[in-house]
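Input: a single structure, listed below in structure tokens.
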Amino acid sequence: KNMVIVGSSGGEFGVRGHLDAFDIDSGEHVWRCYTVPKPGEPGSETWPADGQAWARGGANCWLTGTFDPETNLLYVGTGNPAPDFDGEVRPGDNLYTDSIIAVDVDAGQIRWHYQCTPHDVWDYDSIAECILFEQDDRKLLGHFDKNGYFFVVDRTNGELVQITPFVDRITWGAITRDGQVTAKVYPDKEGEPVHFYPGPAGAKEWTHAAYSPRTGLFYVPVQDTGATATRRRREFKESIPYWGAGVQVDIEDMAGSVSAFDGNGEEKWRYRNELPMCASVLATGGDLVFAGKPSGEFVALDARSGELLWQFQCGSGHHSSPTTYSIDGRQYIAVPVGWGGWAEGFLPGMLGAGHGSALIVFALPESS
């Protein structure tokens with residue numbers, strides 16, 4: 001609709017998340033949509049009535065959203081509240097953190113939301129992609145959350161359709177089929193270490209799942225690893241990280257997979273890996289699923305069975321997103337390799353994998 005819409009980052013520094021829209025021709029600012037309500041706005045009752053917790057609330061939208069012209073809604077995942085692990089300074093559900101929000105792109109206003117992790121104290125951003133699909137004549141949205149659950153909601157109104165775990169180990173809490181959340185393990189005492197699964201890197205973080213309308217399956221890169229958090233009270237200071245804990249990620253007893261689920265949440269197959277899968281997957285019209293491993297292999301799987309069909313050692317770990325394109329009728333697959341910083345950055349050192357960065361492109365054979 002002739003707009004560029006971009007989110008903000010910085011939830012770990014105690015900022016108030018927002019989306020901005022700009023006119024694509026002139027750059028004029030069209031609207032701003034805050035993802036944490038100020039006092040008096042809908043949802044503000046989920047924050048402390050006194051103080052400035054809402055103004056430092058996080059809920060940043062640091063991944064690209066998905067627009068549906070039929071509903072005129074932009075679907076965006078929001079990040080963690082701030083401070084990440086110290087929930088005592090922000091009692092309540094803390095809307096609209098850790099949520100899927102549907103924003104009217106004309107008005108720049110939230111029309112509905114679904115909160116995946118109320119009162120998050122595990123750093124479970126819900127920033128992951130929102131995949132639009134249709135099933136049983138319903139317009140639906142699929143979302144694999146860092147908290148380990150696969151959510152399907154009605155994208156017209158946010159109604160929960162189904163929820164299922166997609167990783168084996170979930171100890172932080174439980175979510176029932178009707179969406180009721182019960183926290184079990186969290187850093188609630190100052191200086192006392194607490195271990196939980198998934199760790200703050202998530203059962204799946206920012207790297208994307210894929211969906212194939214040919215197979216009707218979702219393909220998700222899974223990280224099965226835990227972490228230990230020790231709560232440490234920190235007063236808010238501008239430009240200083242506002243975590244509220246020290247965190248140590250597990251470097252042993254890890255696993256991963258590319259797992260295939262249908263729209264009802266049933267797992268159809270699993271391609272197992274001894275390490276977490278930390279890169280986006282790509283599903284193609286040729287019924288292939290491409291995925292990169294942290295140890296450097298780039299693999300092609302059968303989209304219907306999960307069978308390994310091909311692999312290539314890229315020389316560095318995968319932590320990005322492959323893509324496909326064609327030129328003059330010849331198809332190519334391109335994949336960036338190399339490690340940035342952040343939570344998954346511990347893997348290269350542990351593996352001894354290369355740290356080089358590159359863009360590697362594969363071409364299909366020329367047709368005769």
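Just so we're on the same page: first chain in the structure tokens is A, next is B, and so on; residues restart at 1 for each chain, and ligands are numbered from 1 in the order they show up.
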Shell of 9 Å around segment 160-163 of chain A, only C-alpha atoms, local chain residues under 5 positions omitted, as a PDB file with C-alpha atoms, in the first residue's frame:
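What landed in selection.pdb:
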ATOM      1  CA  TYR A 114      -2.425 -13.373  20.721  1.00  0.00           C
ATOM      2  CA  LEU A 140      -4.977 -19.266   9.327  1.00  0.00           C
ATOM      3  CA  TYR A 149       5.169 -24.432  20.961  1.00  0.00           C
ATOM      4  CA  PHE A 150       3.645 -24.290  17.473  1.00  0.00           C
ATOM      5  CA  PHE A 151       0.653 -21.951  17.412  1.00  0.00           C
ATOM      6  CA  VAL A 152      -2.060 -21.831  14.755  1.00  0.00           C
ATOM      7  CA  VAL A 153      -4.517 -18.937  15.013  1.00  0.00           C
ATOM      8  CA  ASP A 154      -7.356 -17.603  12.876  1.00  0.00           C
ATOM      9  CA  ILE A 175       0.536 -24.613  27.784  1.00  0.00           C
ATOM     10  CA  THR A 176      -2.760 -26.481  27.534  1.00  0.00           C
ATOM     11  CA  ARG A 177      -4.677 -27.060  24.307  1.00  0.00           C
ATOM     12  CA  ASP A 178      -6.889 -24.061  25.094  1.00  0.00           C
ATOM     13  CA  GLY A 179      -3.843 -21.808  25.564  1.00  0.00           C
ATOM     14  CA  GLY A 263      -1.562 -27.659   9.996  1.00  0.00           C
ATOM     15  CA  ASN A 264      -3.126 -29.726  12.792  1.00  0.00           C
ATOM     16  CA  GLY A 265       0.167 -29.857  14.673  1.00  0.00           C
TER      17      GLY A 265
END
Report task. Just list the residues in segment 194-262 of chain A DSSP gives strand (DSSP E) on the backbone, as a PyMOL selection string. Result -> chain A and resi 194-196+210-212+217-224+227-231+245-249+255-262
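Residues of segment 181-368 of chain A carrying a DSSP assignment of alpha helix (DSSP H), computed from the backbone, are Phe346, Leu347, Pro348, Gly349, Met350 and Leu351 of chain A.
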Query raised in the report: Can you tell me, as a PyMOL selection string, what residues are no more than 6 Å from segment 48-58 of chain A when counting only C-alpha atoms, ignoring any on the same chain fewer than 6 positions away?
Result: chain A and resi 11+14-17+81-82
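Every protein, DNA or RNA residue with an atom at most 8 Å from Val258 of chain A, where only C-alpha atoms count and chain neighbours fewer than 2 positions away do not, is listed here: Tyr219, Val220, Pro221, Val222, Gly256, Ala260, Arg270, Tyr271, Arg272, Met277 and Ala291 of chain A.
Closest approach to Gly216 of chain A among A:Ala363, A:Val247, A:Ala303, A:Val30: A:Ala303, based on only C-alpha atoms.
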Segment 278-287 of chain A: which residues within 9 Å, counting only C-alpha atoms, same-chain residues fewer than 5 positions away excluded, as an mmCIF file with N, CA, C and O atoms, in the first residue's frame?
data_model
loop_
_atom_site.group_PDB
_atom_site.id
_atom_site.type_symbol
_atom_site.label_atom_id
_atom_site.label_comp_id
_atom_site.auth_asym_id
_atom_site.auth_seq_id
_atom_site.Cartn_x
_atom_site.Cartn_y
_atom_site.Cartn_z
ATOM 1 N N LYS A 204 13.297 -22.424 18.595
ATOM 2 C CA LYS A 204 13.575 -21.852 17.277
ATOM 3 C C LYS A 204 13.656 -20.357 17.475
ATOM 4 O O LYS A 204 12.771 -19.769 18.097
ATOM 5 N N GLU A 205 14.711 -19.744 16.949
ATOM 6 C CA GLU A 205 14.823 -18.302 17.155
ATOM 7 C C GLU A 205 14.396 -17.564 15.905
ATOM 8 O O GLU A 205 13.371 -17.888 15.310
ATOM 9 N N TRP A 206 15.204 -16.581 15.441
ATOM 10 C CA TRP A 206 14.762 -15.733 14.331
ATOM 11 C C TRP A 206 14.808 -16.452 12.990
ATOM 12 O O TRP A 206 14.134 -16.055 12.043
ATOM 13 N N THR A 207 15.639 -17.484 12.864
ATOM 14 C CA THR A 207 15.740 -18.188 11.588
ATOM 15 C C THR A 207 14.409 -18.851 11.256
ATOM 16 O O THR A 207 13.725 -19.378 12.125
ATOM 17 N N HIS A 208 14.054 -18.856 9.982
ATOM 18 C CA HIS A 208 12.677 -19.090 9.585
ATOM 19 C C HIS A 208 12.336 -20.555 9.339
ATOM 20 O O HIS A 208 13.135 -21.316 8.807
ATOM 21 N N ALA A 209 11.095 -20.900 9.661
ATOM 22 C CA ALA A 209 10.484 -22.128 9.176
ATOM 23 C C ALA A 209 9.975 -21.870 7.754
ATOM 24 O O ALA A 209 9.997 -20.742 7.259
ATOM 25 N N ALA A 210 9.524 -22.922 7.092
ATOM 26 C CA ALA A 210 8.984 -22.805 5.742
ATOM 27 C C ALA A 210 7.684 -23.594 5.655
ATOM 28 O O ALA A 210 7.412 -24.463 6.480
ATOM 29 N N TYR A 211 6.891 -23.292 4.640
ATOM 30 C CA TYR A 211 5.625 -23.988 4.403
ATOM 31 C C TYR A 211 5.513 -24.303 2.919
ATOM 32 O O TYR A 211 5.849 -23.466 2.070
ATOM 33 N N SER A 212 5.074 -25.497 2.602
ATOM 34 C CA SER A 212 4.852 -25.891 1.213
ATOM 35 C C SER A 212 3.368 -26.118 0.970
ATOM 36 O O SER A 212 2.770 -27.033 1.562
ATOM 37 N N PRO A 213 2.734 -25.317 0.111
ATOM 38 C CA PRO A 213 1.328 -25.586 -0.224
ATOM 39 C C PRO A 213 1.165 -26.889 -1.006
ATOM 40 O O PRO A 213 0.047 -27.418 -1.072
ATOM 41 N N ARG A 214 2.242 -27.407 -1.583
ATOM 42 C CA ARG A 214 2.165 -28.681 -2.311
ATOM 43 C C ARG A 214 1.988 -29.853 -1.345
ATOM 44 O O ARG A 214 1.199 -30.759 -1.592
ATOM 45 N N THR A 215 2.733 -29.835 -0.248
ATOM 46 C CA THR A 215 2.648 -30.929 0.718
ATOM 47 C C THR A 215 1.709 -30.622 1.875
ATOM 48 O O THR A 215 1.293 -31.536 2.595
ATOM 49 N N PHE A 218 4.620 -27.806 7.259
ATOM 50 C CA PHE A 218 5.561 -26.810 7.753
ATOM 51 C C PHE A 218 6.875 -27.511 8.063
ATOM 52 O O PHE A 218 6.887 -28.649 8.554
ATOM 53 N N TYR A 219 7.987 -26.811 7.812
ATOM 54 C CA TYR A 219 9.318 -27.368 8.075
ATOM 55 C C TYR A 219 10.051 -26.401 9.001
ATOM 56 O O TYR A 219 10.266 -25.240 8.660
ATOM 57 N N VAL A 220 10.428 -26.887 10.175
ATOM 58 C CA VAL A 220 10.958 -25.999 11.207
ATOM 59 C C VAL A 220 12.347 -26.449 11.639
ATOM 60 O O VAL A 220 12.573 -27.640 11.898
ATOM 61 N N PRO A 221 13.316 -25.510 11.713
ATOM 62 C CA PRO A 221 14.637 -25.830 12.275
ATOM 63 C C PRO A 221 14.564 -25.782 13.802
ATOM 64 O O PRO A 221 14.214 -24.759 14.388
ATOM 65 N N VAL A 222 14.896 -26.888 14.440
ATOM 66 C CA VAL A 222 14.684 -27.037 15.881
ATOM 67 C C VAL A 222 16.005 -26.982 16.630
ATOM 68 O O VAL A 222 17.000 -27.587 16.225
ATOM 69 N N GLN A 223 15.995 -26.249 17.748
ATOM 70 C CA GLN A 223 17.131 -26.174 18.671
ATOM 71 C C GLN A 223 16.698 -26.776 20.010
ATOM 72 O O GLN A 223 15.857 -26.194 20.700
ATOM 73 N N GLY A 256 19.228 -31.297 17.701
ATOM 74 C CA GLY A 256 18.462 -30.475 16.775
ATOM 75 C C GLY A 256 17.809 -31.331 15.720
ATOM 76 O O GLY A 256 18.011 -32.554 15.654
ATOM 77 N N VAL A 258 15.399 -30.932 11.651
ATOM 78 C CA VAL A 258 14.397 -30.294 10.810
ATOM 79 C C VAL A 258 13.165 -31.173 10.943
ATOM 80 O O VAL A 258 13.213 -32.371 10.626
ATOM 81 N N GLY A 292 20.738 -25.718 6.464
ATOM 82 C CA GLY A 292 22.161 -25.684 6.770
ATOM 83 C C GLY A 292 22.434 -26.076 8.203
ATOM 84 O O GLY A 292 21.673 -25.740 9.112
ATOM 85 N N LYS A 293 23.540 -26.784 8.423
ATOM 86 C CA LYS A 293 23.919 -27.220 9.757
ATOM 87 C C LYS A 293 24.991 -26.301 10.341
ATOM 88 O O LYS A 293 25.757 -25.690 9.596
ATOM 89 N N PRO A 294 25.092 -26.226 11.669
ATOM 90 C CA PRO A 294 26.155 -25.417 12.272
ATOM 91 C C PRO A 294 27.549 -25.955 11.966
ATOM 92 O O PRO A 294 28.528 -25.219 12.034
ATOM 93 N N LEU A 301 16.582 -32.211 1.581
ATOM 94 C CA LEU A 301 15.758 -33.308 2.086
ATOM 95 C C LEU A 301 14.524 -33.465 1.215
ATOM 96 O O LEU A 301 14.023 -32.494 0.632
ATOM 97 N N ASP A 302 14.010 -34.682 1.161
ATOM 98 C CA ASP A 302 12.734 -34.930 0.494
ATOM 99 C C ASP A 302 11.625 -34.306 1.336
ATOM 100 O O ASP A 302 11.484 -34.626 2.524
ATOM 101 N N ALA A 303 10.834 -33.416 0.746
ATOM 102 C CA ALA A 303 9.838 -32.667 1.505
ATOM 103 C C ALA A 303 8.723 -33.548 2.048
ATOM 104 O O ALA A 303 8.040 -33.163 3.008
ATOM 105 N N ARG A 304 8.528 -34.723 1.468
ATOM 106 C CA ARG A 304 7.436 -35.597 1.900
ATOM 107 C C ARG A 304 7.888 -36.657 2.904
ATOM 108 O O ARG A 304 7.085 -37.117 3.714
ATOM 109 N N GLY A 317 29.775 -22.487 9.502
ATOM 110 C CA GLY A 317 28.442 -22.792 10.009
ATOM 111 C C GLY A 317 27.345 -21.969 9.356
ATOM 112 O O GLY A 317 27.570 -20.864 8.873
ATOM 113 N N HIS A 318 26.129 -22.526 9.381
ATOM 114 C CA HIS A 318 24.961 -21.863 8.790
ATOM 115 C C HIS A 318 24.137 -21.177 9.874
ATOM 116 O O HIS A 318 23.736 -21.798 10.848
ATOM 117 N N HIS A 319 23.893 -19.890 9.685
ATOM 118 C CA HIS A 319 23.086 -19.114 10.618
ATOM 119 C C HIS A 319 22.354 -18.007 9.863
ATOM 120 O O HIS A 319 22.245 -16.878 10.316
ATOM 121 N N SER A 320 21.869 -18.364 8.673
ATOM 122 C CA SER A 320 21.191 -17.375 7.855
ATOM 123 C C SER A 320 20.123 -18.068 7.025
ATOM 124 O O SER A 320 19.666 -19.153 7.386
ATOM 125 N N SER A 321 19.733 -17.458 5.895
ATOM 126 C CA SER A 321 18.557 -17.912 5.157
ATOM 127 C C SER A 321 18.887 -18.189 3.697
ATOM 128 O O SER A 321 19.299 -17.278 2.975
ATOM 129 N N PRO A 322 18.682 -19.425 3.228
ATOM 130 C CA PRO A 322 18.870 -19.710 1.813
ATOM 131 C C PRO A 322 17.722 -19.150 0.988
ATOM 132 O O PRO A 322 16.622 -18.903 1.501
ATOM 133 N N THR A 323 17.972 -18.965 -0.295
ATOM 134 C CA THR A 323 16.920 -18.489 -1.194
ATOM 135 C C THR A 323 17.104 -19.136 -2.557
ATOM 136 O O THR A 323 18.167 -19.689 -2.854
ATOM 137 N N THR A 324 16.074 -19.089 -3.376
ATOM 138 C CA THR A 324 16.152 -19.609 -4.729
ATOM 139 C C THR A 324 15.644 -18.571 -5.712
ATOM 140 O O THR A 324 14.783 -17.756 -5.379
ATOM 141 N N GLU A 344 23.691 -18.070 19.483
ATOM 142 C CA GLU A 344 24.209 -19.260 18.815
ATOM 143 C C GLU A 344 25.694 -19.148 18.519
ATOM 144 O O GLU A 344 26.302 -20.075 17.992
#
Query raised in the report: Any idea what the distance is between atom CA of Gly356 of chain A and atom CA of Ser316 of chain A?
Result: 6.0 Å
Report task. Quick one: pull the distance between atom CA of Gly92 of chain A and atom CA of Ser44 of chain A, Å, one decimal. Result ->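 Separation between atom CA of Gly92 of chain A and atom CA of Ser44 of chain A: 9.7 Å.
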Query raised in the report: If you count only C-alpha atoms, which residues fall within 9 Å of Glu238 of chain A, apart from same-chain ones fewer than 2 positions away, as number ranges by chain?
Result: A: 13-15, 236, 240-242
Export of prior selection with all heavy atoms as a JSON list (two decimals), in the first residue's frame:
[["chain", "number", "residue", "atom", "x", "y", "z"],
["A", 13, "PHE", "N", 17.75, -3.37, 26.08],
["A", 13, "PHE", "CA", 18.24, -2.09, 26.61],
["A", 13, "PHE", "C", 17.11, -1.25, 27.21],
["A", 13, "PHE", "O", 17.30, -0.07, 27.47],
["A", 13, "PHE", "CB", 18.96, -1.31, 25.51],
["A", 13, "PHE", "CG", 20.27, -1.92, 25.10],
["A", 13, "PHE", "CD1", 20.32, -2.93, 24.17],
["A", 13, "PHE", "CD2", 21.46, -1.52, 25.69],
["A", 13, "PHE", "CE1", 21.52, -3.53, 23.81],
["A", 13, "PHE", "CE2", 22.66, -2.10, 25.33],
["A", 13, "PHE", "CZ", 22.69, -3.10, 24.39],
["A", 14, "GLY", "N", 15.95, -1.85, 27.41],
["A", 14, "GLY", "CA", 14.88, -1.15, 28.09],
["A", 14, "GLY", "C", 14.26, -0.03, 27.26],
["A", 14, "GLY", "O", 14.11, 1.09, 27.75],
["A", 15, "VAL", "N", 13.90, -0.32, 26.02],
["A", 15, "VAL", "CA", 13.22, 0.66, 25.17],
["A", 15, "VAL", "C", 11.77, 0.25, 25.00],
["A", 15, "VAL", "O", 11.36, -0.86, 25.37],
["A", 15, "VAL", "CB", 13.91, 0.78, 23.80],
["A", 15, "VAL", "CG1", 15.37, 1.17, 23.96],
["A", 15, "VAL", "CG2", 13.79, -0.52, 23.01],
["A", 236, "PHE", "N", 17.60, 0.37, 35.84],
["A", 236, "PHE", "CA", 17.65, 0.81, 34.46],
["A", 236, "PHE", "C", 18.59, 2.00, 34.29],
["A", 236, "PHE", "O", 18.52, 2.98, 35.03],
["A", 236, "PHE", "CB", 16.25, 1.22, 33.98],
["A", 236, "PHE", "CG", 16.26, 1.86, 32.62],
["A", 236, "PHE", "CD1", 16.38, 1.09, 31.47],
["A", 236, "PHE", "CD2", 16.16, 3.23, 32.48],
["A", 236, "PHE", "CE1", 16.41, 1.68, 30.22],
["A", 236, "PHE", "CE2", 16.18, 3.83, 31.23],
["A", 236, "PHE", "CZ", 16.31, 3.04, 30.10],
["A", 240, "ILE", "N", 22.69, 0.84, 28.77],
["A", 240, "ILE", "CA", 23.29, -0.29, 29.47],
["A", 240, "ILE", "C", 22.35, -1.49, 29.35],
["A", 240, "ILE", "O", 21.14, -1.35, 29.54],
["A", 240, "ILE", "CB", 23.52, 0.03, 30.97],
["A", 240, "ILE", "CG1", 24.44, 1.24, 31.11],
["A", 240, "ILE", "CG2", 24.09, -1.17, 31.70],
["A", 240, "ILE", "CD1", 25.83, 1.04, 30.54],
["A", 241, "PRO", "N", 22.86, -2.70, 29.02],
["A", 241, "PRO", "CA", 21.97, -3.86, 28.92],
["A", 241, "PRO", "C", 21.12, -4.05, 30.17],
["A", 241, "PRO", "O", 21.61, -3.93, 31.29],
["A", 241, "PRO", "CB", 22.96, -5.02, 28.73],
["A", 241, "PRO", "CG", 24.14, -4.40, 28.05],
["A", 241, "PRO", "CD", 24.25, -3.02, 28.65],
["A", 242, "TYR", "N", 19.85, -4.34, 29.94],
["A", 242, "TYR", "CA", 18.84, -4.41, 31.00],
["A", 242, "TYR", "C", 18.26, -5.82, 31.03],
["A", 242, "TYR", "O", 17.09, -6.03, 30.76],
["A", 242, "TYR", "CB", 17.76, -3.36, 30.69],
["A", 242, "TYR", "CG", 16.79, -3.05, 31.79],
["A", 242, "TYR", "CD1", 17.18, -2.93, 33.12],
["A", 242, "TYR", "CD2", 15.45, -2.85, 31.49],
["A", 242, "TYR", "CE1", 16.27, -2.62, 34.12],
["A", 242, "TYR", "CE2", 14.52, -2.52, 32.47],
["A", 242, "TYR", "CZ", 14.94, -2.42, 33.78],
["A", 242, "TYR", "OH", 14.02, -2.10, 34.76]]
Query raised in the report: Do you have the atom CA of Phe144 of chain A-atom CA of Asp20 of chain A distance handy?
Result: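 Answer for the atom CA of Phe144 of chain A to atom CA of Asp20 of chain A separation: 24.6 Å.
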Query - Distance query Gly226 of chain A at most 7 Å, only C-alpha atoms, self and fewer than 6 positions along chain excluded, as a list in words - result: Phe196, Tyr197, Pro198, Gly199, Val249 and Asp250 of chain A
Could those residues be written to a file, using C-alpha atoms, as a CSV table (one decimal), in the first residue's frame?
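Result saved to selection18.csv:
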chain,number,residue,atom,x,y,z
A,196,PHE,CA,15.3,-24.6,32.0
A,197,TYR,CA,14.5,-25.8,28.5
A,198,PRO,CA,14.5,-24.3,25.9
A,199,GLY,CA,17.2,-21.8,26.8
A,249,VAL,CA,24.0,-21.6,27.6
A,250,ASP,CA,24.4,-25.3,27.7
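Restricting the calculation to only C-alpha atoms, the smallest distance between His113 of chain A and any of A:Thr35, A:Lys189, A:Asn72, A:Gly173 is found for A:Thr35.
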Requested in this report: Return the single residue from A:Asp137, A:Glu41, A:Asp23, A:Asp86 that is closest to Glu190 of chain A, with distances computed using only C-alpha atoms.
Outcome: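 Comparing A:Asp137, A:Glu41, A:Asp23, A:Asp86 against Glu190 of chain A, the winner is A:Asp86.
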Report task. Could you check which of A:Asn147, A:Ser367, A:Gln311, A:Ser26 is closest to Asp328 of chain A, using only C-alpha atoms? Result -> A:Ser367
